[in-house]
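Coordinates as given in data-v6.txt (compact mmCIF, C-alpha atoms and all ligand atoms):
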# COMPACT_ATOMS: atom_id res chain seq x y z
CA MET A 1 -3.48 17.45 5.06
CA PRO A 2 -6.03 15.73 7.33
CA PHE A 3 -4.35 12.94 9.30
CA LEU A 4 -6.22 10.06 7.67
CA ALA A 5 -6.32 11.35 4.11
CA PRO A 6 -3.88 9.75 1.69
CA ASN A 7 -1.31 11.84 -0.17
CA PHE A 8 -2.20 10.15 -3.45
CA TYR A 9 -5.09 8.16 -4.80
CA PHE A 10 -4.70 5.69 -7.68
CA GLU A 11 -7.30 3.60 -9.49
CA THR A 12 -4.90 0.64 -9.18
CA TYR A 13 -1.42 -0.07 -7.80
CA ALA A 14 -0.08 0.58 -11.31
CA GLY A 15 -0.73 4.28 -10.75
CA ALA A 16 2.53 4.14 -8.84
CA SER A 17 4.42 4.10 -12.12
CA ILE A 18 8.18 4.38 -12.37
CA ASP A 19 7.83 7.93 -13.70
CA PHE A 20 5.58 8.90 -10.81
CA LEU A 21 7.88 7.38 -8.20
CA LEU A 22 11.05 8.95 -9.60
CA GLU A 23 9.32 12.30 -9.96
CA HIS A 24 8.39 12.19 -6.26
CA GLY A 25 11.81 11.10 -5.06
CA ILE A 26 10.59 7.68 -3.94
CA LYS A 27 13.23 4.98 -3.64
CA ALA A 28 11.22 2.39 -1.76
CA LEU A 29 7.66 1.16 -1.54
CA VAL A 30 6.07 -0.44 1.50
CA LEU A 31 3.13 -2.43 0.22
CA ASP A 32 -0.02 -4.04 1.44
CA ILE A 33 -0.88 -7.23 -0.48
CA ASP A 34 -4.55 -8.15 -0.10
CA ASN A 35 -6.88 -6.17 -2.33
CA THR A 36 -4.06 -3.75 -3.12
CA LEU A 37 -2.00 -5.93 -5.49
CA GLU A 38 -4.24 -8.98 -5.82
CA PRO A 39 -7.55 -10.10 -4.32
CA TYR A 40 -7.48 -12.52 -1.38
CA GLU A 41 -8.11 -15.57 -3.55
CA ASN A 42 -5.05 -15.07 -5.76
CA ALA A 43 -2.28 -16.87 -3.91
CA GLU A 44 0.40 -15.65 -6.29
CA PRO A 45 1.06 -12.36 -8.07
CA GLY A 46 -0.35 -12.22 -11.59
CA VAL A 47 1.54 -11.39 -14.76
CA ALA A 48 0.86 -7.65 -14.50
CA VAL A 49 1.99 -7.45 -10.88
CA ARG A 50 5.16 -9.40 -11.66
CA ALA A 51 5.94 -7.08 -14.58
CA TRP A 52 5.44 -4.04 -12.33
CA PHE A 53 7.90 -5.46 -9.76
CA SER A 54 10.44 -6.16 -12.52
CA ALA A 55 10.14 -2.56 -13.67
CA LEU A 56 10.62 -1.32 -10.10
CA LYS A 57 13.73 -3.43 -9.71
CA GLU A 58 15.14 -2.20 -12.98
CA ALA A 59 14.58 1.40 -11.86
CA GLY A 60 16.34 0.69 -8.55
CA ILE A 61 13.19 1.12 -6.48
CA GLN A 62 12.99 -1.29 -3.55
CA ALA A 63 9.81 -2.90 -2.27
CA ALA A 64 8.74 -4.51 0.97
CA PHE A 65 5.50 -6.19 2.01
CA VAL A 66 3.84 -5.33 5.29
CA SER A 67 0.71 -7.45 5.57
CA ASN A 68 -1.69 -8.22 8.36
CA ASN A 69 -2.32 -11.59 6.76
CA GLY A 70 -0.58 -14.80 7.87
CA LYS A 71 2.76 -16.41 7.15
CA GLU A 72 1.61 -18.76 4.39
CA ARG A 73 -0.24 -16.06 2.43
CA VAL A 74 2.71 -13.68 2.52
CA GLU A 75 5.43 -16.25 1.86
CA THR A 76 3.56 -17.83 -1.05
CA PHE A 77 2.88 -14.43 -2.61
CA ASN A 78 6.49 -13.34 -2.14
CA LYS A 79 8.12 -16.63 -3.20
CA ASP A 80 9.28 -15.50 -6.65
CA LEU A 81 9.55 -11.80 -5.82
CA GLY A 82 11.90 -12.16 -2.86
CA ASN A 83 11.04 -8.84 -1.27
CA ILE A 84 11.54 -8.01 2.39
CA ALA A 85 8.24 -9.14 3.87
CA PHE A 86 6.40 -9.02 7.18
CA TYR A 87 3.24 -10.97 7.98
CA LYS A 88 0.84 -10.46 10.91
CA ALA A 89 2.12 -6.88 10.91
CA LYS A 90 -0.68 -5.56 13.13
CA LYS A 91 -1.27 -2.42 11.05
CA PRO A 92 -2.23 0.29 11.95
CA PHE A 93 0.69 -0.16 14.35
CA ALA A 94 3.70 1.19 12.50
CA ALA A 95 6.44 -1.04 13.92
CA LYS A 96 6.78 -3.30 10.86
CA VAL A 97 6.57 -0.36 8.46
CA LYS A 98 9.48 1.28 10.25
CA ARG A 99 11.39 -1.99 10.34
CA ALA A 100 10.88 -2.47 6.59
CA MET A 101 12.34 1.00 6.02
CA ARG A 102 15.30 0.24 8.26
CA GLU A 103 16.01 -3.00 6.43
CA MET A 104 15.81 -1.25 3.06
CA GLY A 105 18.02 1.54 4.35
CA VAL A 106 15.72 4.35 3.22
CA SER A 107 14.52 7.55 4.85
CA LYS A 108 10.93 8.56 5.49
CA ALA A 109 11.04 11.05 2.63
CA GLU A 110 12.20 8.33 0.23
CA THR A 111 9.43 5.91 1.11
CA LEU A 112 5.84 5.57 -0.09
CA PHE A 113 3.29 3.27 1.47
CA MET A 114 0.51 1.86 -0.72
CA GLY A 115 -2.59 0.10 0.51
CA ASP A 116 -6.37 -0.14 0.21
CA GLN A 117 -7.54 0.52 3.79
CA ILE A 118 -7.71 3.92 5.42
CA PHE A 119 -7.92 2.67 9.01
CA THR A 120 -5.08 0.18 8.68
CA ASP A 121 -2.82 1.19 5.78
CA VAL A 122 -3.13 4.96 5.71
CA LEU A 123 -3.02 5.15 9.49
CA ALA A 124 0.05 2.87 9.71
CA ALA A 125 1.86 5.04 7.17
CA ARG A 126 0.89 8.23 9.00
CA LEU A 127 2.11 6.80 12.31
CA ALA A 128 5.38 5.86 10.59
CA GLY A 129 5.61 9.41 9.27
CA ILE A 130 5.65 8.55 5.58
CA ARG A 131 3.59 9.41 2.53
CA VAL A 132 0.83 7.08 1.48
CA ALA A 133 -1.07 6.21 -1.69
CA LEU A 134 -4.53 4.70 -1.41
CA VAL A 135 -6.11 2.40 -3.99
CA PRO A 136 -9.70 1.15 -3.89
CA PRO A 137 -9.92 -2.51 -2.79
CA ILE A 138 -9.72 -4.78 -5.86
CA LYS A 139 -12.56 -6.98 -4.69
CA ASP A 140 -14.29 -5.57 -1.66
CA LYS A 141 -15.98 -7.77 0.90
CA THR A 142 -19.68 -7.20 1.51
CA ASP A 143 -19.94 -8.06 5.20
CA VAL A 144 -21.30 -5.58 7.74
CA LEU A 145 -17.92 -4.64 9.20
CA THR A 146 -16.46 -3.84 5.78
CA ARG A 147 -19.51 -1.84 4.76
CA THR A 148 -19.33 0.09 8.02
CA LYS A 149 -15.66 0.87 7.41
CA ARG A 150 -16.44 2.13 3.91
CA LEU A 151 -19.12 4.38 5.36
CA LEU A 152 -16.64 5.82 7.85
CA GLU A 153 -14.06 6.30 5.09
CA ARG A 154 -16.44 8.25 2.90
CA PRO A 155 -16.10 11.72 4.51
CA ILE A 156 -12.31 11.34 4.56
CA MET A 157 -12.21 10.57 0.85
CA LYS A 158 -14.77 13.27 0.07
CA ARG A 159 -12.46 15.81 1.64
CA TYR A 160 -9.51 14.36 -0.24
CA PHE A 161 -11.27 14.60 -3.58
CA ARG A 162 -12.58 18.08 -2.85
CA ARG A 163 -9.07 19.27 -2.11
CA ASN A 164 -7.79 17.58 -5.24
CA LYS A 165 -10.75 18.73 -7.32
CA LYS A 166 -11.80 15.28 -8.48
CA ASP A 167 -15.25 13.71 -8.37
CA VAL A 168 -15.97 11.02 -5.78
MG MG A 201 -5.50 -4.76 1.96

Output the file's structure as structure tokens, nothing else.
Amino acid sequence: MPFLAPNFYFETYAGASIDFLLEHGIKALVLDIDNTLEPYENAEPGVAVRAWFSALKEAGIQAAFVSNNGKERVETFNKDLGNIAFYKAKKPFAAKVKRAMREMGVSKAETLFMGDQIFTDVLAARLAGIRVALVPPIKDKTDVLTRTKRLLERPIMKRYFRRNKKDV
């Protein structure tokens, strides 16, 4: 497994279904928020995201947010969900990912990270030593930096899809 390739790739966060998580022995999710669960402009989780969290809870799967975004964004998003949550997490540094796992009381093998950015989310998960699922950004930015990042991600994802025999 190349260091920056994800373990799993889903079209949306919902690919991490209860069946999938149980099948893979996952008891806790560490989650990015922006463009993974909702686009930047949605301050609160939508109906589908809320339903997914309810299903997780019912299945006994914990969830924590580790976001590089600020306090207000994270607290507003998490208001009704009440998950363990860290803002300004400085991903790809893994400190807050590890802390989230400690607070949830789960091992590396029991935890899955899910995010939309290879150089922040996938790398943070790798540095924390846990598995990671990548989703494409819900609503990608079009600025030069973002487009450059996508370009740099392309060979990594090409290799991933080649190994997993899917089309890019
Ligand atoms: Mg994101």

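The interatomic distance for the pair CA of Ser54 (chain A) and CA of Thr120 (chain A) works out to 27.0 Å.
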
Handout entry: Shell around Phe65 (chain A) at 6 Å using all atoms listed in the file, local window under 3 positions removed, as a list in words
Key =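 Here the qualifying residues turn out to be Val30, Leu31, Asp32, Ala85 and Phe86 of chain A.
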
Handout entry: Distance in Å - CA of Met101 (chain A) versus CA of Glu72 (chain A)
Key =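 Taking CA of Met101 (chain A) and CA of Glu72 (chain A), their separation equals 22.5 Å.
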
Exercise for the section: Identify, on the basis of all atoms listed in the file, every residue whose closest approach to region 128-135 of chain A does not exceed 7 Å; exclude the query and any residue fewer than 3 positions from it along the same chain; express the result as a VMD selection string. Expected result: chain A and resid 6 to 13 36 94 97 to 98 108 to 109 111 to 116 122 124 to 125

Fill in the blank from the handout: For ligand MG 201 (chain A), the closest of A:Glu103, A:Asp143, A:Glu23, A:Asp121 counting only C-alpha atoms and all ligand atoms is A:Asp121

Practice task
Measure the distance from CA of Leu22 (chain A) to CA of Glu110 (chain A) in Å and round it to one decimal.
Solution key: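 Straight-line distance from CA of Leu22 (chain A) to CA of Glu110 (chain A) works out to 9.9 Å.
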
Practice task
Between A:Leu152, A:Leu123, A:Ile26, A:Leu56, single out the one closest to Ser107 (chain A), counting only C-alpha atoms.
Solution key: A:Ile26

Exercise for the section: May I have the protein, DNA and RNA residues with any atom at most 12 Å from the point (-14.2, -9.6, 4.8), counting all atoms listed in the file, written as number ranges by chain? Expected result: A: 34-35, 39-41, 137, 139-150

Problem - Among the residues A:Ala63, A:Ala51, A:Leu21, A:Ala14, the one that comes closest to Leu37 (chain A) [using all atoms listed in the file] - result: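 Of all the options, A:Ala14 lies closest to Leu37 (chain A).
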
Practice task
Determine, counting only C-alpha atoms, every residue of protein, DNA or RNA that lies within 6 Å of (11.4, 2.9, -2.6) in the file coordinates, then give the result as a ChimeraX atom specification.
Solution key: /A:26-29,61-62,111

Practice task
Pick out the closest residue to Tyr160 (chain A) from this set: A:Ile138, A:Asn42, A:Leu4, A:Asn83. Count only C-alpha atoms.
Solution key: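 Smallest separation from Tyr160 (chain A) among the options: A:Leu4.
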
Completion exercise
Min atom-atom distance to ligand MG 201 (chain A) from the set A:Arg99, A:Pro136, A:Ala16, A:Gly25, counting all atoms listed in the file, belongs to A:Pro136

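Distances from A:Ala64, A:Arg126, A:Lys96, A:Ser17 to Ile84 (chain A) were compared using only C-alpha atoms, and the smallest one belongs to A:Ala64.
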
Filled-in N, CA and C atoms of region 32-58 of chain A, supplied as an mmCIF file, in the frame of the given file:
data_model
loop_
_atom_site.group_PDB
_atom_site.id
_atom_site.type_symbol
_atom_site.label_atom_id
_atom_site.label_comp_id
_atom_site.auth_asym_id
_atom_site.auth_seq_id
_atom_site.Cartn_x
_atom_site.Cartn_y
_atom_site.Cartn_z
ATOM 1 N N ASP A 32 0.984 -3.084 1.024
ATOM 2 C CA ASP A 32 -0.020 -4.040 1.440
ATOM 3 C C ASP A 32 -0.178 -5.056 0.293
ATOM 4 N N ILE A 33 -0.672 -6.241 0.588
ATOM 5 C CA ILE A 33 -0.880 -7.230 -0.480
ATOM 6 C C ILE A 33 -2.365 -7.357 -0.832
ATOM 7 N N ASP A 34 -3.157 -7.760 0.166
ATOM 8 C CA ASP A 34 -4.550 -8.150 -0.100
ATOM 9 C C ASP A 34 -5.401 -6.988 -0.560
ATOM 10 N N ASN A 35 -5.985 -7.163 -1.728
ATOM 11 C CA ASN A 35 -6.880 -6.170 -2.330
ATOM 12 C C ASN A 35 -6.180 -4.891 -2.755
ATOM 13 N N THR A 36 -4.854 -4.855 -2.579
ATOM 14 C CA THR A 36 -4.060 -3.750 -3.120
ATOM 15 C C THR A 36 -3.381 -4.221 -4.407
ATOM 16 N N LEU A 37 -2.699 -5.373 -4.314
ATOM 17 C CA LEU A 37 -2.000 -5.930 -5.490
ATOM 18 C C LEU A 37 -2.800 -7.047 -6.145
ATOM 19 N N GLU A 38 -3.393 -7.890 -5.320
ATOM 20 C CA GLU A 38 -4.240 -8.980 -5.820
ATOM 21 C C GLU A 38 -5.367 -9.202 -4.820
ATOM 22 N N PRO A 39 -6.502 -9.751 -5.284
ATOM 23 C CA PRO A 39 -7.550 -10.100 -4.320
ATOM 24 C C PRO A 39 -7.116 -11.280 -3.438
ATOM 25 N N TYR A 40 -7.822 -11.476 -2.348
ATOM 26 C CA TYR A 40 -7.480 -12.520 -1.380
ATOM 27 C C TYR A 40 -7.278 -13.889 -2.034
ATOM 28 N N GLU A 41 -8.113 -14.197 -3.029
ATOM 29 C CA GLU A 41 -8.110 -15.570 -3.550
ATOM 30 C C GLU A 41 -6.942 -15.853 -4.495
ATOM 31 N N ASN A 42 -6.214 -14.825 -4.908
ATOM 32 C CA ASN A 42 -5.050 -15.070 -5.760
ATOM 33 C C ASN A 42 -3.812 -15.280 -4.895
ATOM 34 N N ALA A 43 -3.392 -16.537 -4.797
ATOM 35 C CA ALA A 43 -2.280 -16.870 -3.910
ATOM 36 C C ALA A 43 -0.970 -16.272 -4.400
ATOM 37 N N GLU A 44 -0.857 -16.151 -5.722
ATOM 38 C CA GLU A 44 0.400 -15.650 -6.290
ATOM 39 C C GLU A 44 0.163 -14.376 -7.092
ATOM 40 N N PRO A 45 1.204 -13.566 -7.242
ATOM 41 C CA PRO A 45 1.060 -12.360 -8.070
ATOM 42 C C PRO A 45 0.808 -12.729 -9.531
ATOM 43 N N GLY A 46 -0.067 -11.981 -10.174
ATOM 44 C CA GLY A 46 -0.350 -12.220 -11.590
ATOM 45 C C GLY A 46 0.731 -11.642 -12.480
ATOM 46 N N VAL A 47 0.546 -11.827 -13.772
ATOM 47 C CA VAL A 47 1.540 -11.390 -14.760
ATOM 48 C C VAL A 47 1.802 -9.883 -14.660
ATOM 49 N N ALA A 48 0.713 -9.109 -14.529
ATOM 50 C CA ALA A 48 0.860 -7.650 -14.500
ATOM 51 C C ALA A 48 1.625 -7.197 -13.257
ATOM 52 N N VAL A 49 1.308 -7.806 -12.128
ATOM 53 C CA VAL A 49 1.990 -7.450 -10.880
ATOM 54 C C VAL A 49 3.475 -7.816 -10.964
ATOM 55 N N ARG A 50 3.757 -8.987 -11.506
ATOM 56 C CA ARG A 50 5.160 -9.400 -11.660
ATOM 57 C C ARG A 50 5.933 -8.429 -12.553
ATOM 58 N N ALA A 51 5.283 -8.003 -13.637
ATOM 59 C CA ALA A 51 5.940 -7.080 -14.580
ATOM 60 C C ALA A 51 6.217 -5.739 -13.889
ATOM 61 N N TRP A 52 5.269 -5.304 -13.060
ATOM 62 C CA TRP A 52 5.440 -4.040 -12.330
ATOM 63 C C TRP A 52 6.638 -4.154 -11.376
ATOM 64 N N PHE A 53 6.756 -5.280 -10.665
ATOM 65 C CA PHE A 53 7.900 -5.460 -9.760
ATOM 66 C C PHE A 53 9.226 -5.511 -10.529
ATOM 67 N N SER A 54 9.212 -6.134 -11.701
ATOM 68 C CA SER A 54 10.440 -6.160 -12.520
ATOM 69 C C SER A 54 10.852 -4.749 -12.902
ATOM 70 N N ALA A 55 9.857 -3.946 -13.275
ATOM 71 C CA ALA A 55 10.140 -2.560 -13.670
ATOM 72 C C ALA A 55 10.688 -1.761 -12.485
ATOM 73 N N LEU A 56 10.122 -2.001 -11.313
ATOM 74 C CA LEU A 56 10.620 -1.320 -10.100
ATOM 75 C C LEU A 56 12.086 -1.661 -9.883
ATOM 76 N N LYS A 57 12.371 -2.953 -9.957
ATOM 77 C CA LYS A 57 13.730 -3.430 -9.710
ATOM 78 C C LYS A 57 14.707 -2.786 -10.683
ATOM 79 N N GLU A 58 14.303 -2.770 -11.930
ATOM 80 C CA GLU A 58 15.140 -2.200 -12.980
ATOM 81 C C GLU A 58 15.422 -0.715 -12.729
#
